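Data file: coords-v9.cif. Format and content: mmCIF, C-alpha atoms and all ligand atoms.
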data_protein
loop_
_atom_site.label_atom_id
_atom_site.label_comp_id
_atom_site.auth_asym_id
_atom_site.auth_seq_id
_atom_site.Cartn_x
_atom_site.Cartn_y
_atom_site.Cartn_z
CA MET A 1 15.30 -159.44 116.58
CA SER A 2 14.23 -161.93 113.95
CA GLN A 3 16.06 -161.92 110.62
CA ALA A 4 12.91 -160.70 108.87
CA ASN A 5 12.61 -157.64 111.12
CA LYS A 6 16.28 -156.76 111.03
CA PRO A 7 16.84 -153.41 109.30
CA LEU A 8 18.90 -153.62 106.12
CA PHE A 9 21.04 -150.72 107.31
CA ASN A 10 22.32 -149.63 110.62
CA ILE A 11 21.76 -145.94 110.09
CA VAL A 12 24.01 -143.49 111.95
CA SER A 13 22.84 -139.97 112.79
CA SER A 14 23.71 -136.99 110.61
CA GLU A 15 25.66 -135.36 113.49
CA HIS A 16 27.80 -138.45 113.80
CA TYR A 17 28.30 -138.40 110.04
CA LEU A 18 29.32 -134.73 109.99
CA CYS A 19 32.15 -135.30 112.48
CA GLY A 20 35.39 -135.97 110.70
CA LEU A 21 34.25 -134.67 107.31
CA MET A 22 35.66 -131.19 107.70
CA SER A 23 39.07 -131.92 106.22
CA LYS A 24 37.89 -134.02 103.28
CA GLU A 25 37.42 -132.62 99.79
CA ILE A 26 33.79 -132.19 98.78
CA VAL A 27 32.41 -134.32 95.96
CA VAL A 28 28.99 -134.12 94.29
CA SER A 29 27.38 -136.22 91.59
CA GLY A 30 23.89 -137.18 90.49
CA ILE A 31 21.98 -139.65 88.35
CA ARG A 32 18.64 -138.87 86.70
CA SER A 33 15.74 -141.10 87.70
CA THR A 34 14.71 -141.90 84.15
CA GLY A 35 14.80 -145.52 83.00
CA HIS A 36 17.02 -148.28 84.30
CA LEU A 37 20.70 -147.80 85.12
CA HIS A 38 23.12 -149.32 82.62
CA LEU A 39 26.81 -150.10 82.22
CA GLY A 40 27.53 -146.50 81.14
CA ASN A 41 26.15 -145.23 84.44
CA TYR A 42 28.04 -147.89 86.34
CA PHE A 43 31.46 -147.50 84.72
CA GLY A 44 31.12 -143.76 84.00
CA ALA A 45 29.92 -142.78 87.46
CA ILE A 46 28.93 -145.33 90.12
CA GLN A 47 32.23 -147.21 90.23
CA HIS A 48 33.94 -143.85 90.93
CA TYR A 49 31.46 -143.05 93.69
CA ILE A 50 32.30 -146.31 95.40
CA LYS A 51 36.04 -145.75 95.15
CA MET A 52 35.67 -142.20 96.50
CA GLN A 53 33.33 -142.83 99.40
CA ASP A 54 36.02 -143.32 102.05
CA ALA A 55 38.47 -140.57 101.18
CA TYR A 56 36.05 -137.76 100.25
CA ASN A 57 33.05 -135.96 101.70
CA CYS A 58 30.54 -137.26 99.16
CA TYR A 59 27.08 -135.97 98.21
CA PHE A 60 25.40 -138.31 95.73
CA PHE A 61 21.82 -137.79 94.70
CA VAL A 62 18.96 -138.99 92.54
CA ALA A 63 18.22 -136.15 90.13
CA ASP A 64 14.43 -136.37 90.19
CA TYR A 65 13.85 -132.70 89.31
CA HIS A 66 16.04 -133.17 86.24
CA SER A 67 13.88 -136.09 85.16
CA LEU A 68 10.80 -133.82 85.01
CA THR A 69 12.02 -132.29 81.74
CA THR A 70 10.59 -135.35 79.98
CA HIS A 71 7.28 -135.35 81.93
CA PRO A 72 7.41 -138.84 83.51
CA ASP A 73 4.12 -140.35 84.66
CA PRO A 74 3.64 -139.21 88.32
CA LYS A 75 2.80 -142.75 89.40
CA ASP A 76 6.22 -143.97 88.22
CA LEU A 77 8.37 -141.35 89.92
CA LYS A 78 8.71 -143.00 93.33
CA SER A 79 9.62 -146.42 91.94
CA SER A 80 12.16 -144.80 89.59
CA VAL A 81 13.81 -142.92 92.47
CA PHE A 82 13.81 -146.03 94.68
CA ARG A 83 15.29 -148.11 91.86
CA VAL A 84 18.19 -145.70 91.28
CA LEU A 85 18.78 -145.60 95.02
CA ALA A 86 18.70 -149.39 95.32
CA GLU A 87 20.96 -149.92 92.31
CA ASN A 88 23.54 -147.51 93.71
CA ILE A 89 23.53 -149.25 97.08
CA ALA A 90 23.59 -152.71 95.49
CA SER A 91 26.64 -151.59 93.50
CA GLY A 92 28.45 -150.89 96.76
CA LEU A 93 27.58 -147.36 97.79
CA ASP A 94 27.28 -147.09 101.57
CA PRO A 95 24.55 -144.68 102.72
CA GLU A 96 26.31 -144.38 106.07
CA LYS A 97 29.51 -143.10 104.52
CA VAL A 98 28.01 -140.71 101.98
CA ALA A 99 25.02 -138.40 101.80
CA LEU A 100 22.64 -140.24 99.48
CA TYR A 101 19.52 -138.18 98.82
CA ALA A 102 16.80 -137.10 96.42
CA GLN A 103 17.40 -133.73 94.77
CA SER A 104 13.80 -132.68 95.54
CA ASP A 105 14.44 -133.11 99.29
CA VAL A 106 16.88 -130.18 99.26
CA PRO A 107 14.95 -126.94 98.63
CA GLU A 108 18.18 -124.94 98.75
CA ILE A 109 19.02 -126.38 95.31
CA PRO A 110 16.10 -124.70 93.47
CA GLU A 111 16.81 -121.50 95.41
CA LEU A 112 20.39 -121.42 94.17
CA TYR A 113 19.16 -122.38 90.69
CA LEU A 114 16.97 -119.27 90.72
CA MET A 115 19.90 -117.08 91.80
CA LEU A 116 22.20 -118.50 89.14
CA ASN A 117 19.54 -118.11 86.43
CA MET A 118 19.93 -114.34 86.82
CA LEU A 119 23.58 -114.63 85.79
CA VAL A 120 23.13 -116.95 82.81
CA TYR A 121 22.15 -115.89 79.30
CA LYS A 122 19.63 -117.42 76.95
CA GLY A 123 22.09 -117.31 74.06
CA GLU A 124 24.73 -119.39 75.81
CA LEU A 125 22.17 -122.00 76.88
CA GLU A 126 20.77 -122.31 73.36
CA LYS A 127 24.24 -123.25 72.08
CA VAL A 128 24.66 -126.26 74.40
CA PRO A 129 24.91 -129.44 72.26
CA THR A 130 22.77 -131.53 74.65
CA PHE A 131 20.01 -128.89 74.41
CA LYS A 132 20.23 -128.89 70.61
CA ASP A 133 20.01 -132.71 70.63
CA LYS A 134 16.88 -132.58 72.78
CA VAL A 135 15.29 -129.99 70.50
CA ARG A 136 15.86 -132.39 67.63
CA GLN A 137 14.61 -135.44 69.57
CA GLN A 138 11.52 -133.89 71.19
CA PRO A 139 10.50 -130.78 69.20
CA GLU A 140 7.04 -130.97 70.80
CA ASN A 141 8.46 -130.44 74.30
CA VAL A 142 11.22 -127.81 74.28
CA ASN A 143 10.50 -126.53 77.78
CA ALA A 144 12.43 -123.92 79.78
CA GLY A 145 13.66 -126.65 82.14
CA LEU A 146 15.51 -128.25 79.23
CA LEU A 147 17.10 -124.94 78.32
CA THR A 148 18.21 -124.21 81.89
CA TYR A 149 19.23 -127.81 82.64
CA PRO A 150 22.93 -126.82 82.98
CA VAL A 151 21.98 -124.13 85.51
CA LEU A 152 20.15 -126.63 87.73
CA MET A 153 23.10 -128.96 87.40
CA ALA A 154 25.47 -126.15 88.46
CA ALA A 155 23.21 -125.47 91.46
CA ASP A 156 23.36 -129.18 92.42
CA ILE A 157 27.13 -128.96 92.56
CA LEU A 158 27.70 -125.47 93.90
CA ILE A 159 25.17 -125.84 96.73
CA HIS A 160 27.78 -127.96 98.54
CA ARG A 161 30.71 -125.88 97.24
CA ALA A 162 32.08 -129.08 95.73
CA VAL A 163 35.50 -129.28 94.11
CA LYS A 164 35.26 -132.67 92.41
CA VAL A 165 32.52 -134.19 90.28
CA PRO A 166 32.80 -137.81 89.08
CA VAL A 167 30.87 -138.04 85.79
CA GLY A 168 31.16 -139.71 82.40
CA LYS A 169 32.39 -137.94 79.29
CA ASP A 170 28.89 -136.83 78.22
CA GLN A 171 28.72 -134.46 81.21
CA GLU A 172 32.05 -132.69 80.69
CA GLN A 173 30.55 -129.69 78.95
CA HIS A 174 27.96 -129.22 81.70
CA LEU A 175 30.82 -129.14 84.17
CA GLU A 176 32.58 -126.45 82.17
CA MET A 177 29.38 -124.40 82.36
CA ALA A 178 29.17 -124.94 86.13
CA ARG A 179 32.71 -123.54 86.42
CA ASN A 180 31.74 -120.51 84.32
CA PHE A 181 28.66 -119.82 86.41
CA ALA A 182 30.67 -120.15 89.65
CA ALA A 183 33.27 -117.72 88.33
CA ARG A 184 30.55 -115.31 87.24
CA PHE A 185 28.94 -115.36 90.68
CA ASN A 186 32.31 -114.87 92.33
CA SER A 187 33.28 -111.93 90.18
CA ARG A 188 29.95 -110.17 90.76
CA TYR A 189 29.43 -110.87 94.45
CA GLY A 190 32.80 -111.97 95.88
CA ASP A 191 34.71 -115.24 96.02
CA PHE A 192 32.45 -117.95 97.31
CA PHE A 193 32.14 -120.95 95.02
CA PRO A 194 35.10 -123.18 94.08
CA GLU A 195 35.25 -124.04 90.36
CA PRO A 196 34.35 -127.76 90.29
CA GLN A 197 36.46 -130.12 88.20
CA VAL A 198 35.55 -133.42 86.55
CA PHE A 199 37.02 -136.21 88.64
CA ARG A 200 38.52 -139.30 87.01
CA PHE A 201 40.81 -142.07 88.19
CA SER A 202 42.49 -142.50 84.80
CA ASP A 203 43.65 -140.00 82.13
CA GLU A 204 40.48 -140.40 80.11
CA THR A 205 36.90 -139.78 81.18
CA VAL A 206 34.84 -142.92 80.62
CA LYS A 207 32.46 -143.20 77.66
CA ILE A 208 30.71 -146.53 77.19
CA LEU A 209 29.32 -146.94 73.68
CA SER A 210 26.09 -148.60 72.72
CA LEU A 211 26.75 -152.24 71.64
CA ASP A 212 25.51 -151.50 68.13
CA GLY A 213 28.20 -148.85 67.74
CA ASN A 214 25.64 -146.01 67.49
CA GLY A 215 26.59 -143.38 70.04
CA LYS A 216 26.87 -143.70 73.80
CA MET A 217 25.01 -146.26 75.87
CA SER A 218 21.96 -144.40 77.20
CA LYS A 219 18.90 -145.02 79.35
CA SER A 220 16.31 -144.41 76.66
CA GLU A 221 17.86 -145.27 73.27
CA ASN A 222 18.95 -148.56 71.67
CA VAL A 223 17.46 -150.72 74.41
CA ASN A 224 18.75 -153.94 72.79
CA ALA A 225 22.28 -152.59 72.62
CA THR A 226 22.30 -151.35 76.23
CA ILE A 227 23.07 -153.59 79.17
CA TYR A 228 21.06 -152.65 82.23
CA LEU A 229 22.00 -153.50 85.79
CA SER A 230 18.56 -155.16 85.96
CA ASP A 231 19.14 -157.45 82.94
CA ASP A 232 19.14 -161.20 83.66
CA ASP A 233 22.00 -163.48 82.61
CA ASP A 234 20.36 -164.63 79.38
CA THR A 235 19.47 -161.13 78.28
CA ILE A 236 23.06 -160.05 78.87
CA ARG A 237 24.37 -163.01 76.88
CA LYS A 238 22.02 -162.29 73.97
CA LYS A 239 22.86 -158.60 73.86
CA ILE A 240 26.61 -159.19 73.92
CA MET A 241 26.49 -161.94 71.31
CA LYS A 242 24.68 -159.45 69.03
CA ALA A 243 27.22 -156.66 69.63
CA LYS A 244 28.63 -155.12 66.49
CA THR A 245 31.89 -156.65 65.21
CA ASP A 246 33.44 -156.94 61.74
CA GLN A 247 35.61 -159.24 59.58
CA GLY A 248 38.45 -158.89 62.08
CA PRO A 249 41.86 -157.25 61.78
CA THR A 250 43.63 -157.71 58.46
CA GLU A 251 47.14 -156.83 59.59
CA PRO A 252 48.99 -157.13 62.92
CA ASN A 253 48.50 -154.42 65.55
CA MET A 254 45.74 -152.67 63.64
CA VAL A 255 44.06 -149.77 65.40
CA MET A 256 40.73 -151.02 66.77
CA PRO A 257 37.49 -149.47 65.53
CA ASP A 258 35.69 -147.79 68.43
CA TYR A 259 32.99 -150.51 68.72
CA ILE A 260 35.68 -153.21 69.19
CA GLN A 261 37.66 -151.00 71.55
CA ASN A 262 34.44 -150.58 73.54
CA LEU A 263 34.08 -154.37 73.96
CA PHE A 264 37.69 -154.60 75.10
CA SER A 265 37.11 -151.75 77.59
CA LEU A 266 34.14 -153.65 79.00
CA MET A 267 36.17 -156.85 79.17
CA GLN A 268 38.95 -155.06 81.00
CA MET A 269 36.43 -154.00 83.63
CA VAL A 270 34.85 -157.38 84.28
CA SER A 271 37.28 -160.14 83.21
CA ALA A 272 40.53 -161.37 84.70
CA PRO A 273 43.55 -159.38 83.38
CA ASP A 274 45.14 -162.45 81.73
CA VAL A 275 41.89 -163.22 79.89
CA THR A 276 41.76 -159.71 78.43
CA ALA A 277 45.47 -159.86 77.58
CA THR A 278 45.04 -163.14 75.68
CA HIS A 279 42.18 -161.76 73.57
CA ARG A 280 44.10 -158.53 72.94
CA ASP A 281 47.11 -160.57 71.76
CA ASN A 282 44.78 -162.56 69.51
CA TYR A 283 43.50 -159.31 68.02
CA ASN A 284 47.00 -157.94 67.52
CA ASN A 285 48.09 -161.20 65.85
CA CYS A 286 44.94 -161.31 63.66
CA VAL A 287 43.75 -164.62 65.15
CA ILE A 288 40.88 -163.29 67.23
CA ARG A 289 37.56 -165.17 66.94
CA TYR A 290 34.89 -162.69 67.84
CA GLY A 291 32.41 -165.46 68.72
CA ASP A 292 34.72 -166.82 71.45
CA PHE A 293 35.68 -163.33 72.56
CA LYS A 294 32.04 -162.29 72.97
CA LYS A 295 31.13 -165.55 74.70
CA GLN A 296 33.80 -164.93 77.31
CA LEU A 297 32.75 -161.31 77.73
CA ALA A 298 29.09 -162.36 78.04
CA GLU A 299 29.85 -164.88 80.80
CA ASP A 300 32.04 -162.47 82.74
CA MET A 301 29.55 -159.62 82.34
CA ALA A 302 26.64 -161.80 83.48
CA ALA A 303 28.65 -162.85 86.55
CA PHE A 304 29.48 -159.22 87.26
CA VAL A 305 25.92 -157.89 87.00
CA LYS A 306 24.18 -160.78 88.78
CA PRO A 307 24.96 -159.86 92.42
CA ILE A 308 24.09 -156.20 91.78
CA ARG A 309 20.76 -157.14 90.16
CA GLU A 310 19.86 -159.59 92.92
CA HIS A 311 20.77 -157.23 95.74
CA ALA A 312 18.93 -154.30 94.07
CA THR A 313 15.81 -156.44 93.66
CA GLU A 314 15.87 -157.29 97.37
CA LEU A 315 16.43 -153.69 98.40
CA GLN A 316 13.52 -152.45 96.29
CA LYS A 317 11.17 -154.60 98.33
CA ASP A 318 12.15 -152.82 101.54
CA HIS A 319 10.57 -149.38 101.19
CA ASP A 320 10.99 -148.61 104.88
CA SER A 321 14.76 -148.88 104.69
CA LEU A 322 14.93 -146.91 101.46
CA ARG A 323 12.80 -144.17 102.97
CA LYS A 324 15.07 -144.01 106.01
CA ILE A 325 18.10 -143.77 103.77
CA LEU A 326 16.53 -140.90 101.81
CA LYS A 327 15.60 -139.07 105.00
CA LEU A 328 19.05 -139.37 106.46
CA GLY A 329 20.62 -138.36 103.15
CA ALA A 330 18.39 -135.28 103.00
CA GLU A 331 19.42 -134.32 106.53
CA LYS A 332 23.09 -134.57 105.65
CA ALA A 333 22.65 -132.68 102.38
CA ARG A 334 20.59 -129.91 103.97
CA ALA A 335 23.12 -129.44 106.76
CA SER A 336 25.62 -128.42 104.08
CA ALA A 337 23.19 -126.71 101.68
CA SER A 338 21.57 -124.46 104.29
CA VAL A 339 24.92 -122.98 105.33
CA ASN A 340 25.97 -122.34 101.74
CA ILE A 341 22.66 -120.83 100.60
CA GLU A 342 22.87 -118.46 103.55
CA GLY A 343 26.36 -117.43 102.39
CA ALA A 344 25.13 -116.84 98.83
CA ARG A 345 22.09 -114.85 100.04
CA LYS A 346 24.29 -112.57 102.14
CA LEU A 347 26.68 -111.91 99.26
CA ILE A 348 23.79 -111.07 96.95
CA GLY A 349 22.40 -108.71 99.60
CA ILE A 350 19.41 -110.75 100.73
CA ASN A 351 20.20 -110.01 104.33
CA TYR A 352 17.33 -108.06 105.89
CA TYR A 353 17.04 -109.17 109.50
P1 LIG B 1 22.70 -139.40 83.73
O1 LIG B 1 21.61 -139.76 84.65
O2 LIG B 1 22.42 -139.37 82.27
O3 LIG B 1 23.93 -140.33 83.94
C1 LIG B 1 24.47 -140.55 85.25
C2 LIG B 1 25.97 -140.69 85.18
O4 LIG B 1 26.32 -141.74 84.26
C3 LIG B 1 27.24 -141.24 83.29
N1 LIG B 1 26.98 -141.89 82.00
C4 LIG B 1 27.93 -142.45 81.23
N2 LIG B 1 29.25 -142.57 81.39
C5 LIG B 1 29.93 -143.21 80.44
N3 LIG B 1 29.37 -143.76 79.32
C6 LIG B 1 28.04 -143.65 79.12
N4 LIG B 1 27.48 -144.20 78.06
C7 LIG B 1 27.25 -142.97 80.10
N5 LIG B 1 25.93 -142.68 80.21
C8 LIG B 1 25.79 -142.01 81.38
C9 LIG B 1 26.97 -139.75 83.21
O5 LIG B 1 28.09 -139.06 82.71
C10 LIG B 1 26.67 -139.42 84.65
O6 LIG B 1 27.86 -139.22 85.39
N6 LIG B 1 22.95 -134.44 84.15
C11 LIG B 1 23.31 -135.67 84.78
C12 LIG B 1 22.81 -135.83 86.20
C13 LIG B 1 23.18 -134.70 87.07
C14 LIG B 1 24.46 -134.45 87.64
C15 LIG B 1 24.30 -133.27 88.41
C16 LIG B 1 25.70 -135.08 87.55
C17 LIG B 1 22.31 -133.75 87.51
N7 LIG B 1 23.02 -132.88 88.31
C18 LIG B 1 25.36 -132.71 89.12
C19 LIG B 1 26.76 -134.52 88.26
C20 LIG B 1 26.60 -133.35 89.03
C21 LIG B 1 22.74 -136.82 83.94
O7 LIG B 1 21.78 -136.65 83.24
O8 LIG B 1 23.34 -138.00 84.17
#
Would you mind giving the structure from this file in structure tokens?
Amino acid sequence: MSQANKPLFNIVSSEHYLCGLMSKEIVVSGIRSTGHLHLGNYFGAIQHYIKMQDAYNCYFFVADYHSLTTHPDPKDLKSSVFRVLAENIASGLDPEKVALYAQSDVPEIPELYLMLNMLVYKGELEKVPTFKDKVRQQPENVNAGLLTYPVLMAADILIHRAVKVPVGKDQEQHLEMARNFAARFNSRYGDFFPEPQVFRFSDETVKILSLDGNGKMSKSENVNATIYLSDDDDTIRKKIMKAKTDQGPTEPNMVMPDYIQNLFSLMQMVSAPDVTATHRDNYNNCVIRYGDFKKQLAEDMAAFVKPIREHATELQKDHDSLRKILKLGAEKARASASVNIEGARKLIGINYY
């Protein structure tokens, strides 16, 4: 076979995949297909996915239904889903090891969402801070999907009876709600759903701040203070050189403001340990020069993002392979989801034949 015709992935069957998964803990996580993925998505979620893909039974998906709350243009949806898929794979996620699928390919998810909606109260959903934020940001579009967002998210997780969910700090409250809804189902109908926990490799859940120090890095806000996995080297350099700093520490070992701490966290993730240690010592001894510090971070960040960007760009040209990956992912996800929805139906009493 010529190089040009060679498939990008050697896809194994879903039966093959299912063998050997039985004893592994079940993990679920998703990323909305709105906008371009950024460092918050990478360090808050994707890097965990990659580290977990061998030891766990992983279900990772593109949350395209969730993206509908903001009414994306229908002609953009496919390219958004393919981009998220490609950026995950380019970051190191192996579609042979995990189930990598589109949420809308698993109809059992909306079915469970409907069931859970009967156990969830309007009042508790109205109190959710992310809902209140959205009401403030888009008062013209406060749709029911926004209100019940945490219920759909719980359905995404519970449909595979997952126990671990790798997410960034901004999703912790949604996870708490998923646990509550699971417990509510169990107490009404009988023990069925495990209560899923946030998964993290360190003590703290990751939160990457926007480079201007205003809130978390996010797909849609502060575009110039957000580094995307699709940014080229020069864009990355410019954004980092503009990152918020200050006059510098005025006494030794001063506590860092969060925007400086954020730059150090990023450096720790992409630079050599001794490089980070030297700059940290400089800070603690009040001799740090933010210009040099940011220059180093910019170079290391550009070198880190470059192979991901290049690989993702290549992958996005190969729609056939991406389609095959989605199909296989859907098969794997439905194999699990169909068994669990049947269990939930029976417990509820939807058991007529
Ligand atoms: P989304 O698409 O906003 O973000 C995807 C993942 O990236 C993490 N993340 C961050 N982590 C650290 N710092 C940041 N600045 C940052 N920004 C984003 C998020 O925590 C998330 O892990 N509701 C979810 C998608 C979802 C989901 C699920 C997740 C739908 N169903 C079920 C887990 C399980 C969301 O909007 O993520």
Considering all atoms listed in the file, state which residue in the set A:Met217, A:Leu147, A:Ile157, A:Val167 is at the smallest distance from Arg179 (chain A).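 Of A:Met217, A:Leu147, A:Ile157, A:Val167, the one nearest Arg179 (chain A), counting all atoms listed in the file, is A:Ile157.
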Could you name the residues that touch Leu100 (chain A) at 12 Å or less, counting all atoms listed in the file, but leaving out those on the same chain fewer than 5 positions away, as a compact mmCIF listing (two decimals) with C-alpha atoms, keeping the file's coordinate frame?
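Just written: around02.txt:
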# COMPACT_ATOMS: atom_id res chain seq x y z
CA SER A 14 23.71 -136.99 110.61
CA VAL A 27 32.41 -134.32 95.96
CA VAL A 28 28.99 -134.12 94.29
CA SER A 29 27.38 -136.22 91.59
CA GLY A 30 23.89 -137.18 90.49
CA ILE A 31 21.98 -139.65 88.35
CA TYR A 49 31.46 -143.05 93.69
CA GLN A 53 33.33 -142.83 99.40
CA ASN A 57 33.05 -135.96 101.70
CA CYS A 58 30.54 -137.26 99.16
CA TYR A 59 27.08 -135.97 98.21
CA PHE A 60 25.40 -138.31 95.73
CA PHE A 61 21.82 -137.79 94.70
CA VAL A 62 18.96 -138.99 92.54
CA ALA A 63 18.22 -136.15 90.13
CA VAL A 81 13.81 -142.92 92.47
CA PHE A 82 13.81 -146.03 94.68
CA VAL A 84 18.19 -145.70 91.28
CA LEU A 85 18.78 -145.60 95.02
CA ALA A 86 18.70 -149.39 95.32
CA ASN A 88 23.54 -147.51 93.71
CA ILE A 89 23.53 -149.25 97.08
CA LEU A 93 27.58 -147.36 97.79
CA ASP A 94 27.28 -147.09 101.57
CA PRO A 95 24.55 -144.68 102.72
CA ASP A 105 14.44 -133.11 99.29
CA VAL A 106 16.88 -130.18 99.26
CA LEU A 322 14.93 -146.91 101.46
CA ARG A 323 12.80 -144.17 102.97
CA LYS A 324 15.07 -144.01 106.01
CA ILE A 325 18.10 -143.77 103.77
CA LEU A 326 16.53 -140.90 101.81
CA LYS A 327 15.60 -139.07 105.00
CA LEU A 328 19.05 -139.37 106.46
CA GLY A 329 20.62 -138.36 103.15
CA ALA A 330 18.39 -135.28 103.00
CA GLU A 331 19.42 -134.32 106.53
CA LYS A 332 23.09 -134.57 105.65
CA ALA A 333 22.65 -132.68 102.38
CA ARG A 334 20.59 -129.91 103.97
Write as number ranges by chain the residues around ligand LIG 1 (chain B), taking 7 Å as the cut-off and counting all atoms listed in the file. A: 28-33, 40-45, 63, 66, 152-154, 156-157, 165-171, 206-209, 216-218
Using all atoms listed in the file, which of A:Gln296, A:Thr226, A:Gln103, A:Gln247 sits nearest Thr278 (chain A)?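 Among the listed residues, A:Gln296 lies closest to Thr278 (chain A).
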I need the residue nearest His48 (chain A) from this list: A:Val198, A:Ile227, A:Ile348, A:Val255. Use only C-alpha atoms for the distance.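 Among A:Val198, A:Ile227, A:Ile348, A:Val255, it is A:Val198 that comes nearest to His48 (chain A).
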